[in-house]
Amino acid sequence: MFDVLYQHISKKVSITPKEWEFITQQCIPKKIRKKQYLLQAGDKAEFSIFVTKGCLRSYSVDVAGEEHIVQFALEGWWIGDTSAFLTNEPASFNIDAIEDTEVLLFESQSLDMIFDHVPMFERYMRLLLQGNYVAMHKRLVSAISTTAEEKYLRMQKQYPDIMQRVPQHMIASYLGLKPETLSRIRKKLASDKA
Amino acid sequence: MKKTIAVIGSSNHSDTTIVSRLAALGYPLLLADQKWESVKQCILKQHANASVEMLDCSHECAWQADVILLYHSEEYLKLLEKIKNVVTGKIIVNIVSDLKNKDVQDLLPFSKVVHTMADFTPEVVSYTVRGENNQAVEQVLLLFDEIGFKSNQRNN
């Protein structure tokens, strides 16, 4: 349950066994089933979420009831409504499980305690945020300056695991495409290959 | 979003009041013992849309839950050992008849244990609550208030 987090932290910073023990005492283990919510828009975003098994997605729903997927999170990924979590405002996003999923939940208070007791964890978080900023920037550039086909190919290259595990209509939503557009692109790419 | 509540431990007639009222208000319930089967059927008869599920495994129930209602049975020490590694940071509502009982918090040092004392029948008008974590105590008071129980005694 905790191994995935330990490995993730250890890849970026080094912590002592005592510090690791302290971290495990601050996080809430939770198992959720496919389609179950961890957060609903309008609620308080109480947690920052680390996925140890399974797959989550965060998304907003527009006035027409259409879902817009913002992020997927597989094992070893962090997810949450960061803006709502940091500002204490109601959540803008829903987070639910695409597969049966196991997570570790961190309350804001718990993270502060970890930052106080484990200075390297703060560095770990900074590195995560930097990575997150770069990824978001690349996604923004891709969204405004590349074709639908290029977006799809980029995603295929960057996130092959997600492509394998997530239904196509969700991939389309993440890329900002209609499912039929994605289907057309896939057909074209398949015929180009043949 | 309603918190998922696991119900762990033994069942007797008075227990059903809390569980039934939580189900009526739409709290998803996970029942960890076959002894609760009749309670489940009774709830579903009264509230067809209630989310009540029997998992037959206290560890699994506690893992999936946000809040754990712990009813004391003879084997509750074994139960605590079973759920220990999946209840860190979670609220454990320890429903007891004697508030001197402190071993639950000692055995689950990283959970937020809140002791509540009363015979929770529909007739009960008040109960006593105690816990080391004030936020957790407040949340339990709110939850019990929502299902119609008022606390008139609070011991920290």
# chains A, B, ... in the order shown; residues from 1 in each chain; ligands from 1
$ interface_residues --of "chain B" --to "chain A" --cutoff "10 Å" --atoms "only C-alpha atoms" --output "PDB file with C-alpha atoms, in the first residue's frame"
ATOM      1  CA  MET B   1     -20.636  14.173  -0.881  1.00  0.00           C
ATOM      2  CA  LYS B   3     -19.017  10.030   3.776  1.00  0.00           C
ATOM      3  CA  GLU B  60     -12.136  -4.303   3.567  1.00  0.00           C
ATOM      4  CA  CYS B  61     -14.999  -2.274   5.092  1.00  0.00           C
ATOM      5  CA  ALA B  62     -12.634  -0.087   7.087  1.00  0.00           C
ATOM      6  CA  TRP B  63     -10.379   0.427   4.069  1.00  0.00           C
ATOM      7  CA  GLN B  64     -13.256   1.651   1.899  1.00  0.00           C
ATOM      8  CA  ALA B  65     -14.803   3.813   4.622  1.00  0.00           C
ATOM      9  CA  ASP B  66     -14.250   7.397   5.721  1.00  0.00           C
ATOM     10  CA  ASN B  85      -3.303  -0.522   8.938  1.00  0.00           C
ATOM     11  CA  VAL B  86      -6.244   0.932   6.984  1.00  0.00           C
ATOM     12  CA  VAL B  87      -7.689   3.367   9.524  1.00  0.00           C
ATOM     13  CA  THR B  88      -4.851   5.869   9.909  1.00  0.00           C
ATOM     14  CA  GLY B  89      -6.342   9.368  10.016  1.00  0.00           C
ATOM     15  CA  LYS B  90      -9.931   8.087   9.978  1.00  0.00           C
ATOM     16  CA  PRO B 109      -2.792   5.694  17.866  1.00  0.00           C
ATOM     17  CA  PHE B 110      -3.003   7.278  14.416  1.00  0.00           C
ATOM     18  CA  SER B 111      -6.793   7.209  14.133  1.00  0.00           C
TER      19      SER B 111
END
$ residues_around --residues "stretch 186-194 of chain A" --least-positions-apart "4" --cutoff "10 Å" --atoms "only C-alpha atoms" --output "ChimeraX atom specification"
/A:149,152-153,180-182
$ write_last_selection --atoms "N, CA, C and O atoms" --output "PDB file, in the first residue's frame"
ATOM      1  N   GLU A 149      -4.748  15.260 -34.756  1.00  0.00           N
ATOM      2  CA  GLU A 149      -3.927  14.065 -34.965  1.00  0.00           C
ATOM      3  C   GLU A 149      -2.610  14.155 -34.186  1.00  0.00           C
ATOM      4  O   GLU A 149      -2.176  13.191 -33.553  1.00  0.00           O
ATOM      5  N   TYR A 152      -3.209  13.546 -30.522  1.00  0.00           N
ATOM      6  CA  TYR A 152      -3.406  12.119 -30.242  1.00  0.00           C
ATOM      7  C   TYR A 152      -2.069  11.367 -30.247  1.00  0.00           C
ATOM      8  O   TYR A 152      -1.775  10.582 -29.345  1.00  0.00           O
ATOM      9  N   LEU A 153      -1.254  11.651 -31.257  1.00  0.00           N
ATOM     10  CA  LEU A 153       0.042  10.963 -31.376  1.00  0.00           C
ATOM     11  C   LEU A 153       0.958  11.308 -30.198  1.00  0.00           C
ATOM     12  O   LEU A 153       1.665  10.448 -29.662  1.00  0.00           O
ATOM     13  N   GLU A 180     -16.200  10.967 -32.141  1.00  0.00           N
ATOM     14  CA  GLU A 180     -16.185  10.564 -33.551  1.00  0.00           C
ATOM     15  C   GLU A 180     -14.931  11.094 -34.272  1.00  0.00           C
ATOM     16  O   GLU A 180     -14.407  10.452 -35.189  1.00  0.00           O
ATOM     17  N   THR A 181     -14.441  12.252 -33.822  1.00  0.00           N
ATOM     18  CA  THR A 181     -13.196  12.791 -34.408  1.00  0.00           C
ATOM     19  C   THR A 181     -12.037  11.863 -34.068  1.00  0.00           C
ATOM     20  O   THR A 181     -11.219  11.518 -34.931  1.00  0.00           O
ATOM     21  N   LEU A 182     -11.990  11.450 -32.797  1.00  0.00           N
ATOM     22  CA  LEU A 182     -10.913  10.547 -32.370  1.00  0.00           C
ATOM     23  C   LEU A 182     -10.986   9.226 -33.138  1.00  0.00           C
ATOM     24  O   LEU A 182      -9.964   8.687 -33.588  1.00  0.00           O
TER      25      LEU A 182
END
$ closest_residue --among "A:Gly76, A:Ile23, A:Phe115, A:Lys151" --to "A:Lys11" --atoms "only C-alpha atoms"
A:Gly76
$ atom_distance --atom1 "atom CA of B:Ser126" --atom2 "atom CA of B:Ile91"
20.8 Å
$ select_by_dssp --residues "chain B" --states "strand (DSSP E)" --output "PyMOL selection string"
chain B and resi 5-9+29-31+52-54+67-71+91-96+112-117+126-131+150-154
$ closest_residue --among "A:Glu19, A:Glu122, A:Glu67, A:Glu75" --to "A:Met170" --atoms "only C-alpha atoms"
A:Glu67
$ atom_distance --atom1 "atom CA of B:Cys57" --atom2 "atom CA of B:Ala32"
5.3 Å
$ atom_distance --atom1 "atom CA of A:Ile171" --atom2 "atom CA of A:Ile69"
8.3 Å
$ residues_around --residues "A:Leu86" --least-positions-apart "5" --cutoff "10 Å" --atoms "only C-alpha atoms" --output "list in words"
Ala45, Glu46, Phe47, Ser48, Asp81 and Ser108 of chain A
$ write_last_selection --atoms "N, CA, C and O atoms" --output "PDB file, in the first residue's frame"
ATOM      1  N   ALA A  45     -12.469  20.580  -1.035  1.00  0.00           N
ATOM      2  CA  ALA A  45     -11.383  19.691  -1.491  1.00  0.00           C
ATOM      3  C   ALA A  45     -10.468  19.422  -0.295  1.00  0.00           C
ATOM      4  O   ALA A  45      -9.531  20.171  -0.045  1.00  0.00           O
ATOM      5  N   GLU A  46     -10.762  18.375   0.443  1.00  0.00           N
ATOM      6  CA  GLU A  46     -10.059  18.126   1.708  1.00  0.00           C
ATOM      7  C   GLU A  46      -8.684  17.501   1.532  1.00  0.00           C
ATOM      8  O   GLU A  46      -7.864  17.560   2.429  1.00  0.00           O
ATOM      9  N   PHE A  47      -8.480  16.861   0.373  1.00  0.00           N
ATOM     10  CA  PHE A  47      -7.276  16.028   0.257  1.00  0.00           C
ATOM     11  C   PHE A  47      -6.451  16.275  -0.998  1.00  0.00           C
ATOM     12  O   PHE A  47      -6.980  16.617  -2.050  1.00  0.00           O
ATOM     13  N   SER A  48      -5.160  16.012  -0.841  1.00  0.00           N
ATOM     14  CA  SER A  48      -4.288  15.806  -1.970  1.00  0.00           C
ATOM     15  C   SER A  48      -4.162  14.285  -2.066  1.00  0.00           C
ATOM     16  O   SER A  48      -3.989  13.609  -1.042  1.00  0.00           O
ATOM     17  N   ASP A  81      -7.923  18.620  -6.685  1.00  0.00           N
ATOM     18  CA  ASP A  81      -8.292  19.944  -7.173  1.00  0.00           C
ATOM     19  C   ASP A  81      -7.379  20.910  -6.431  1.00  0.00           C
ATOM     20  O   ASP A  81      -7.743  21.460  -5.380  1.00  0.00           O
ATOM     21  N   SER A 108      -4.527  18.936   4.321  1.00  0.00           N
ATOM     22  CA  SER A 108      -3.631  20.085   4.289  1.00  0.00           C
ATOM     23  C   SER A 108      -2.799  20.153   5.576  1.00  0.00           C
ATOM     24  O   SER A 108      -1.580  20.365   5.545  1.00  0.00           O
TER      25      SER A 108
END
$ select_by_dssp --residues "chain A" --states "helix (DSSP H, G or I)" --output "PyMOL selection string"
chain A and resi 3-12+17-24+82-87+108-117+119-145+148-158+160-165+168-175+179-193
$ decode --residues "stretch 56-86 of chain A" --atoms "N, CA and C atoms" --output "compact mmCIF listing (two decimals), in the first residue's frame"
# COMPACT_ATOMS: atom_id res chain seq x y z
N LEU A 56 -7.56 7.08 -11.58
CA LEU A 56 -8.56 8.11 -11.30
C LEU A 56 -8.58 9.11 -12.45
N ARG A 57 -9.64 9.90 -12.50
CA ARG A 57 -9.67 11.02 -13.45
C ARG A 57 -10.28 12.22 -12.74
N SER A 58 -9.86 13.41 -13.14
CA SER A 58 -10.53 14.62 -12.64
C SER A 58 -11.16 15.30 -13.86
N TYR A 59 -12.33 15.85 -13.66
CA TYR A 59 -13.05 16.45 -14.79
C TYR A 59 -14.08 17.47 -14.32
N SER A 60 -14.41 18.37 -15.24
CA SER A 60 -15.49 19.31 -14.95
C SER A 60 -16.67 18.95 -15.86
N VAL A 61 -17.83 19.45 -15.50
CA VAL A 61 -19.03 19.20 -16.32
C VAL A 61 -19.60 20.56 -16.72
N ASP A 62 -19.83 20.75 -18.03
CA ASP A 62 -20.33 22.05 -18.46
C ASP A 62 -21.86 22.13 -18.35
N VAL A 63 -22.42 23.28 -18.71
CA VAL A 63 -23.87 23.48 -18.53
C VAL A 63 -24.69 22.50 -19.36
N ALA A 64 -24.11 22.03 -20.45
CA ALA A 64 -24.83 21.06 -21.29
C ALA A 64 -24.68 19.62 -20.76
N GLY A 65 -23.95 19.50 -19.66
CA GLY A 65 -23.78 18.17 -19.06
C GLY A 65 -22.62 17.38 -19.65
N GLU A 66 -21.81 18.05 -20.46
CA GLU A 66 -20.69 17.34 -21.08
C GLU A 66 -19.47 17.35 -20.16
N GLU A 67 -18.81 16.20 -20.08
CA GLU A 67 -17.62 16.09 -19.22
C GLU A 67 -16.37 16.55 -19.96
N HIS A 68 -15.49 17.24 -19.24
CA HIS A 68 -14.20 17.66 -19.80
C HIS A 68 -13.10 17.15 -18.87
N ILE A 69 -12.37 16.14 -19.31
CA ILE A 69 -11.37 15.53 -18.44
C ILE A 69 -10.09 16.36 -18.41
N VAL A 70 -9.66 16.65 -17.21
CA VAL A 70 -8.48 17.49 -17.02
C VAL A 70 -7.23 16.64 -16.79
N GLN A 71 -7.41 15.56 -16.04
CA GLN A 71 -6.24 14.74 -15.70
C GLN A 71 -6.64 13.28 -15.46
N PHE A 72 -5.74 12.39 -15.81
CA PHE A 72 -5.82 10.99 -15.37
C PHE A 72 -4.71 10.79 -14.35
N ALA A 73 -4.90 9.83 -13.46
CA ALA A 73 -3.83 9.52 -12.51
C ALA A 73 -3.75 8.02 -12.30
N LEU A 74 -2.62 7.47 -12.72
CA LEU A 74 -2.36 6.03 -12.51
C LEU A 74 -1.50 5.87 -11.26
N GLU A 75 -1.05 4.63 -11.00
CA GLU A 75 -0.19 4.35 -9.86
C GLU A 75 1.02 5.29 -9.87
N GLY A 76 1.29 5.89 -8.71
CA GLY A 76 2.46 6.76 -8.61
C GLY A 76 2.20 8.20 -9.02
N TRP A 77 0.94 8.53 -9.25
CA TRP A 77 0.59 9.90 -9.63
C TRP A 77 -0.14 10.59 -8.48
N TRP A 78 0.03 11.90 -8.44
CA TRP A 78 -0.75 12.73 -7.51
C TRP A 78 -1.90 13.36 -8.29
N ILE A 79 -3.02 13.54 -7.61
CA ILE A 79 -4.17 14.19 -8.25
C ILE A 79 -4.97 14.93 -7.17
N GLY A 80 -5.73 15.90 -7.58
CA GLY A 80 -6.57 16.63 -6.64
C GLY A 80 -7.03 17.91 -7.33
N ASP A 81 -7.92 18.62 -6.69
CA ASP A 81 -8.29 19.94 -7.17
C ASP A 81 -7.38 20.91 -6.43
N THR A 82 -6.17 21.09 -6.98
CA THR A 82 -5.12 21.83 -6.25
C THR A 82 -5.56 23.24 -5.89
N SER A 83 -6.21 23.91 -6.84
CA SER A 83 -6.64 25.28 -6.59
C SER A 83 -7.60 25.34 -5.40
N ALA A 84 -8.59 24.46 -5.39
CA ALA A 84 -9.57 24.44 -4.29
C ALA A 84 -8.90 24.00 -2.99
N PHE A 85 -7.96 23.06 -3.10
CA PHE A 85 -7.26 22.55 -1.92
C PHE A 85 -6.44 23.67 -1.25
N LEU A 86 -5.81 24.50 -2.09
CA LEU A 86 -4.94 25.55 -1.54
C LEU A 86 -5.73 26.79 -1.08
